Every structure is written in structure tokens, then in C-alpha cells.
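Text of the file my_file_12.cif, holding mmCIF, C-alpha atoms and all ligand atoms:
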```cif
data_my_file
#
loop_
_atom_site.label_atom_id
_atom_site.label_comp_id
_atom_site.auth_asym_id
_atom_site.auth_seq_id
_atom_site.Cartn_x
_atom_site.Cartn_y
_atom_site.Cartn_z
CA MET L 1 50.23 109.68 166.65
CA THR L 2 46.43 109.32 166.91
CA HIS L 3 44.71 105.96 166.41
CA MET L 4 43.56 106.96 162.87
CA THR L 5 46.92 108.19 161.65
CA LEU L 6 48.62 105.06 162.97
CA ARG L 7 46.12 102.92 161.00
CA THR L 8 46.71 104.95 157.83
CA PHE L 9 50.46 104.69 158.37
CA MET L 10 50.27 100.89 158.80
CA LYS L 11 48.03 100.52 155.72
CA PHE L 12 50.50 102.53 153.64
CA TRP L 13 53.49 100.35 154.61
CA ILE L 14 51.60 97.06 154.24
CA GLY L 15 50.39 98.20 150.78
CA LEU L 16 53.91 99.17 149.78
CA CYS L 17 55.32 95.79 150.89
CA VAL L 18 52.64 93.88 148.95
CA ALA L 19 53.34 95.98 145.82
CA MET L 20 57.10 95.35 146.12
CA LEU L 21 56.57 91.60 146.39
CA ALA L 22 54.09 91.50 143.50
CA ALA L 23 56.11 93.67 141.10
CA PRO L 24 58.85 91.14 140.20
CA ALA L 25 56.25 88.47 139.49
CA ALA L 26 54.40 90.85 137.17
CA PHE L 27 57.45 92.10 135.31
CA CYS L 28 59.68 89.02 135.26
CA GLN L 29 57.35 86.51 133.64
CA TRP L 30 58.80 84.67 130.65
CA ASP L 31 57.63 81.74 128.64
CA ASP L 32 59.37 78.74 130.19
CA GLY L 33 57.86 76.50 127.53
CA PRO L 34 57.10 72.83 128.06
CA GLY L 35 60.67 71.68 128.83
CA GLU L 36 62.85 71.86 131.88
CA VAL L 37 65.18 74.51 130.44
CA PRO L 38 63.85 77.93 129.33
CA TYR L 39 64.56 79.08 125.79
CA VAL L 40 67.58 81.39 125.77
CA PRO L 41 69.43 81.40 122.43
CA THR L 42 73.23 81.25 122.25
CA PRO L 43 74.59 84.44 120.64
CA MET L 44 75.74 83.78 117.05
CA GLU L 45 79.40 84.60 117.74
CA VAL L 46 79.36 82.08 120.61
CA VAL L 47 77.71 79.45 118.35
CA GLU L 48 80.62 79.84 115.93
CA GLU L 49 83.17 79.42 118.74
CA MET L 50 81.37 76.28 119.99
CA LEU L 51 81.64 74.73 116.53
CA LYS L 52 85.29 75.79 116.20
CA LEU L 53 86.06 74.33 119.64
CA ALA L 54 84.64 70.99 118.46
CA LYS L 55 86.63 71.33 115.19
CA VAL L 56 83.47 70.69 113.16
CA LYS L 57 84.21 69.79 109.54
CA PRO L 58 82.47 68.16 106.55
CA GLY L 59 81.73 64.55 107.50
CA ASP L 60 80.70 65.46 111.05
CA PHE L 61 77.19 64.90 112.34
CA VAL L 62 76.23 67.56 114.89
CA ILE L 63 73.33 67.01 117.30
CA ASP L 64 72.05 69.87 119.45
CA LEU L 65 69.99 68.66 122.40
CA GLY L 66 67.40 71.36 123.09
CA CYS L 67 68.03 73.06 119.76
CA GLY L 68 65.95 76.23 120.19
CA ASP L 69 65.70 77.94 116.80
CA GLY L 70 68.21 75.51 115.30
CA ARG L 71 71.02 78.04 115.01
CA ILE L 72 73.83 75.67 116.06
CA VAL L 73 72.90 72.90 113.62
CA VAL L 74 72.10 75.36 110.82
CA MET L 75 75.48 77.10 111.22
CA ALA L 76 77.26 73.74 111.39
CA ALA L 77 75.79 72.92 107.95
CA GLU L 78 75.99 76.36 106.35
CA LYS L 79 79.45 77.43 107.51
CA PHE L 80 81.26 74.18 108.41
CA GLY L 81 79.77 71.78 105.83
CA ALA L 82 78.53 69.28 108.41
CA ARG L 83 75.19 67.48 108.65
CA GLY L 84 73.09 67.42 111.78
CA MET L 85 69.95 67.18 113.82
CA GLY L 86 68.28 69.22 116.49
CA TYR L 87 65.83 67.99 119.11
CA ASP L 88 63.50 70.26 121.03
CA ILE L 89 60.47 69.54 123.17
CA ASN L 90 58.74 72.77 122.09
CA PRO L 91 56.96 72.58 118.69
CA GLU L 92 57.36 76.35 118.24
CA ARG L 93 61.15 75.95 118.35
CA ILE L 94 61.03 73.15 115.77
CA LYS L 95 58.98 75.41 113.49
CA ASP L 96 61.59 78.20 113.92
CA SER L 97 64.41 75.72 113.24
CA ASN L 98 62.85 74.49 110.01
CA GLU L 99 62.32 78.08 108.85
CA ASN L 100 65.95 78.93 109.62
CA ALA L 101 67.16 75.84 107.75
CA GLN L 102 65.11 76.91 104.74
CA LYS L 103 66.47 80.46 104.87
CA ALA L 104 70.04 79.12 105.00
CA LYS L 105 69.28 76.59 102.22
CA VAL L 106 70.54 73.63 104.26
CA THR L 107 67.36 71.53 104.44
CA ASP L 108 69.17 68.68 102.67
CA LYS L 109 71.75 68.55 105.49
CA VAL L 110 69.73 69.06 108.66
CA LYS L 111 66.65 67.71 110.39
CA PHE L 112 64.70 68.93 113.42
CA VAL L 113 62.57 66.68 115.58
CA GLU L 114 60.12 67.49 118.34
CA LYS L 115 61.19 65.16 121.11
CA ASN L 116 62.34 65.05 124.72
CA LEU L 117 66.15 65.15 124.55
CA PHE L 118 66.39 62.20 126.95
CA ASP L 119 64.58 60.05 124.36
CA ALA L 120 66.65 61.22 121.37
CA ASP L 121 68.88 58.77 119.52
CA ILE L 122 72.33 60.38 119.57
CA SER L 123 74.37 57.36 118.47
CA GLN L 124 74.98 58.95 115.04
CA ALA L 125 76.54 62.11 116.51
CA THR L 126 80.21 62.91 116.15
CA VAL L 127 79.53 66.22 117.93
CA VAL L 128 76.89 66.97 120.60
CA THR L 129 76.16 70.54 121.63
CA LEU L 130 74.39 71.59 124.83
CA TYR L 131 73.08 74.80 126.34
CA LEU L 132 71.00 73.38 129.15
CA LEU L 133 71.30 73.57 132.94
CA PRO L 134 73.74 71.94 135.39
CA ASP L 135 71.31 69.31 136.68
CA VAL L 136 70.14 68.42 133.15
CA ASN L 137 73.79 68.04 132.06
CA MET L 138 74.37 65.71 135.02
CA ARG L 139 71.36 63.57 134.14
CA LEU L 140 72.61 63.37 130.54
CA ARG L 141 76.02 61.94 131.45
CA PRO L 142 75.04 58.22 131.37
CA LYS L 143 73.24 58.66 128.03
CA LEU L 144 76.22 60.43 126.45
CA LEU L 145 78.62 57.71 127.61
CA LYS L 146 76.32 54.90 126.53
CA GLU L 147 75.48 56.19 123.05
CA LEU L 148 78.45 58.21 121.81
CA LYS L 149 81.39 56.58 120.09
CA PRO L 150 85.05 57.17 121.01
CA GLY L 151 86.27 60.41 119.45
CA ALA L 152 82.87 62.10 119.69
CA ARG L 153 83.08 65.65 121.00
CA ILE L 154 80.70 67.22 123.51
CA VAL L 155 80.56 71.00 123.76
CA SER L 156 78.57 72.73 126.49
CA HIS L 157 77.80 76.43 126.69
CA SER L 158 78.08 77.86 130.22
CA PHE L 159 77.61 74.67 132.25
CA ASP L 160 80.06 71.91 133.10
CA MET L 161 79.39 68.22 133.65
CA GLY L 162 80.09 68.02 137.37
CA ASP L 163 83.47 66.38 137.95
CA TRP L 164 84.09 65.47 134.29
CA LYS L 165 87.48 66.97 133.46
CA PRO L 166 87.14 69.06 130.27
CA ASP L 167 89.71 68.55 127.49
CA LYS L 168 89.44 72.27 126.88
CA LYS L 169 87.74 75.25 128.51
CA VAL L 170 87.59 78.66 126.82
CA ASP L 171 85.98 82.01 127.54
CA VAL L 172 84.14 83.79 124.76
CA ASN L 173 82.63 87.21 125.44
CA GLY L 174 82.29 86.38 129.12
CA ARG L 175 80.77 82.94 128.50
CA THR L 176 82.54 79.68 129.31
CA LEU L 177 82.59 76.87 126.75
CA TYR L 178 83.60 73.32 127.71
CA LEU L 179 84.86 70.52 125.45
CA TRP L 180 85.05 66.81 126.27
CA ILE L 181 86.24 64.14 123.85
CA VAL L 182 84.97 60.60 124.45
CA PRO L 183 88.11 58.47 124.92
CA LYS L 184 88.72 54.97 123.51
CA ASP L 185 87.72 53.27 126.77
CA GLY L 186 84.50 55.33 126.82
CA GLN L 187 85.28 56.69 130.29
CA ILE L 188 85.71 60.44 130.68
CA ARG L 189 88.33 61.37 133.26
CA THR L 190 87.14 63.03 136.43
CA ASN L 191 88.74 65.77 138.55
C1 LIG V 201 68.79 77.48 126.61
S1 LIG V 201 67.86 76.97 125.19
C2 LIG V 201 69.18 76.58 124.07
C3 LIG V 201 68.77 76.68 122.61
C4 LIG V 201 69.90 76.38 121.61
N1 LIG V 201 70.54 75.12 121.88
C5 LIG V 201 70.94 77.47 121.63
O1 LIG V 201 72.01 77.24 122.20
O2 LIG V 201 70.66 78.56 121.09
C6 LIG V 201 67.26 75.37 125.74
C7 LIG V 201 66.27 74.71 124.81
O3 LIG V 201 66.02 73.40 125.30
C8 LIG V 201 64.66 73.07 125.07
N2 LIG V 201 64.30 72.03 126.04
C9 LIG V 201 64.11 72.16 127.37
N3 LIG V 201 63.85 70.96 127.94
C10 LIG V 201 63.89 70.04 126.94
C11 LIG V 201 63.72 68.63 126.88
N4 LIG V 201 63.47 67.91 127.98
N5 LIG V 201 63.84 68.03 125.69
C12 LIG V 201 64.11 68.74 124.57
N6 LIG V 201 64.27 70.09 124.56
C13 LIG V 201 64.18 70.73 125.72
C14 LIG V 201 63.92 74.39 125.26
O4 LIG V 201 62.67 74.35 124.59
C15 LIG V 201 64.92 75.39 124.65
O5 LIG V 201 64.64 75.61 123.30
#
```

What is this file in C-alpha cells?
Amino acid sequence: MTHMTLRTFMKFWIGLCVAMLAAPAAFCQWDDGPGEVPYVPTPMEVVEEMLKLAKVKPGDFVIDLGCGDGRIVVMAAEKFGARGMGYDINPERIKDSNENAQKAKVTDKVKFVEKNLFDADISQATVVTLYLLPDVNMRLRPKLLKELKPGARIVSHSFDMGDWKPDKKVDVNGRTLYLWIVPKDGQIRTN
């Protein structure tokens, strides 16, 4: 191989490597939003199973922490007769949630607030729903135990709570749902 062809050959491979490294960054960008968990909505059939797992009924107050487009709280009101609230840090998601509540005609039963979920008052909740990330779930544990009353149910889509032993664990369309019920002594059993 002459000096020139070797240089061309090297340039070609270096160019190819740079393109391969750059391509995922160009094609895989998504809007992470302002929070620490990207917006990925729970499929509707899974939302329904989350609410069934928590045995949501009229009289319940469902709070979704990181509520996205409000689908969990809206379905809890529309289909299960509950009331509820959703908190999201992204104002766009709160706008979507309010629109969805209007479409479902449940604005008298639900409320959506733009707020960091760690600052949300959840003491009113009889059911808390989560579709967050493992480390966020872990950081939420003290808040859940401090603010929720005995009998409150916590349902998490996809992610567990570290060594908290779930009262129930089900698979729905390849997704795992976890249920914990706050016991009388306020201490959730660990594995
Ligand atoms: C995976 S999505 C889940 C949306 C909805 N709960 C569902 O299951 O369809 C997570 C949501 O949490 C919101 N979020 C992320 N960090 C947050 C924070 N610190 N406080 C409040 N919301 C947050 C995001 O904006 C996003 O809408």
C-alpha cells in the first residue's frame, strides 16, 4: 500500500467511526423535560390494571406523582368514581392533564398541579400511583411512610421500592406492577 492510499484508507475508517458514534446521539434525542424522569406514558390497559390492583372505588383519593398527561387520575375518576390529584414538574404535562380531564368531564373530581413531586402534599391520598425510576422510588420511601395513613395503597409501574416486600406483584402485557399497603404500624415489611 502506497503512502497516499494508506492515508485515504485511514481517513475512511476514522470518518466511519466518528459517524457511528455521532449517529445515536442524532437519532436518539428525546425531550427529557425539566424533571428527573422522562415522560413515557403508561399504556391505557396497564393504567386500568394499576387501578384494579389498588382496588380503587368511589371514596378513594388517588394521587399520581409525576402524572404526565393525567391519564391515571382521569381514569380513576371516570371509570372508578374516585377523586384525585396529579403532580407534574412540566407545565406542558399539566396542560395536557387539564385538557384530558375536560374531555372526560371529570374536572369536578380531579385537580392537576405543577409541582416537584417531592414537595407535594400526599397526606390526603388513599392511593398513590408511580411510574418513575428506581432511584426516585427509593428517595420517595421516607415521604410515603411519613405522610400516608395506614391502609393507603401504593402502586408502582415497572419499578420496585428496593427491599420493600410487595403485598402483590402482577405482570400485565410484559410489565410488572407492584402493590404495597401501608400497615397499621406504618412500617412496610422488608425482604
Ligand atoms: C414516566 S412519566 C409517567 C407519567 C404518568 N404517571 C403515566 O404513568 O402515564 C414520568 C413523569 O414524571 C414527571 N416528573 C419527572 N420528575 C418529576 C419531579 N421531580 N416532580 C414532578 N414530576 C416529575 C415527568 O414530567 C413525567 O411526566

For ligand LIG 201 (chain V), list the contacting residues at 7 Å or closer, counting only C-alpha atoms and all ligand atoms, as a PyMOL selection string. chain L and resi 33-42+64-72+87-90+93+115-118+130-132

Nearest to Phe61 (chain L) by atom-to-atom distance, counting all atoms listed in the file, from L:Ala101, L:Met161, L:Val46, L:Ala152: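 Looking only at the distances to Phe61 (chain L), the closest residue turns out to be L:Ala152.
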
Kindly indicate which residue among L:Val172, L:Arg83, L:Lys143, L:Gly162 lies nearest to Glu48 (chain L), using all atoms listed in the file for the distances.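 For Glu48 (chain L), the nearest of the candidates is L:Val172.
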
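Candidate residues L:Ala120, L:Val128, L:Val74, L:Val62 were compared for distance to Gln102 (chain L), and the nearest is L:Val74, using all atoms listed in the file.
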
Between CA of Pro134 (chain L) and CA of Lys57 (chain L) - distance in Å to one decimal: 28.0 Å

Would you be able to write out as an NGL selection string which residues have an atom within 12 Å of (78.4, 89.4, 128.5) in the file's coordinates, counting all atoms listed in the file? :L and (42-43 or 45-46 or 158 or 171-176)

Computed interatomic separation between CA of Ala76 (chain L) and CA of Thr190 (chain L) (Å):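 If I compute the distance from CA of Ala76 (chain L) to CA of Thr190 (chain L), I get 29.0 Å.
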
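Taking CA of Val155 (chain L) as the reference point, CA of Lys103 (chain L) is found at 25.4 Å.
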
Ranking L:Leu53, L:Asp160, L:Pro183, L:Met75 by minimum distance to Arg141 (chain L) and counting all atoms listed in the file, which one comes first?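 Nearest to Arg141 (chain L): L:Asp160.
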
Quick one: residues within 8 Å of Lys184 (chain L), all atoms listed in the file, excluding same-chain residues fewer than 2 positions away - as a list of chain:residue names? L:Pro150, L:Gly151, L:Val182, L:Gly186, L:Gln187

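For the set L:Phe159, L:Ala82, L:Asn191, L:Ile122, the residue with the smallest atom-to-atom gap to Asp135 (chain L) is L:Phe159, counting all atoms listed in the file.
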
Region 102-116 of chain L: axis-aligned bounding box, 3 Å on each side, centre and edge lengths in Å, one decimal, as JSON:
```
{"center_x": 65.9, "center_y": 72.8, "center_z": 113.5, "size_x": 17.6, "size_y": 21.4, "size_z": 28.5}
```

Which is closer to Ala104 (chain L) than all the others in L:Glu78, L:Glu92, L:Asp185, L:Asp60, using only C-alpha atoms?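 Using only C-alpha atoms, the shortest distance to Ala104 (chain L) belongs to L:Glu78.
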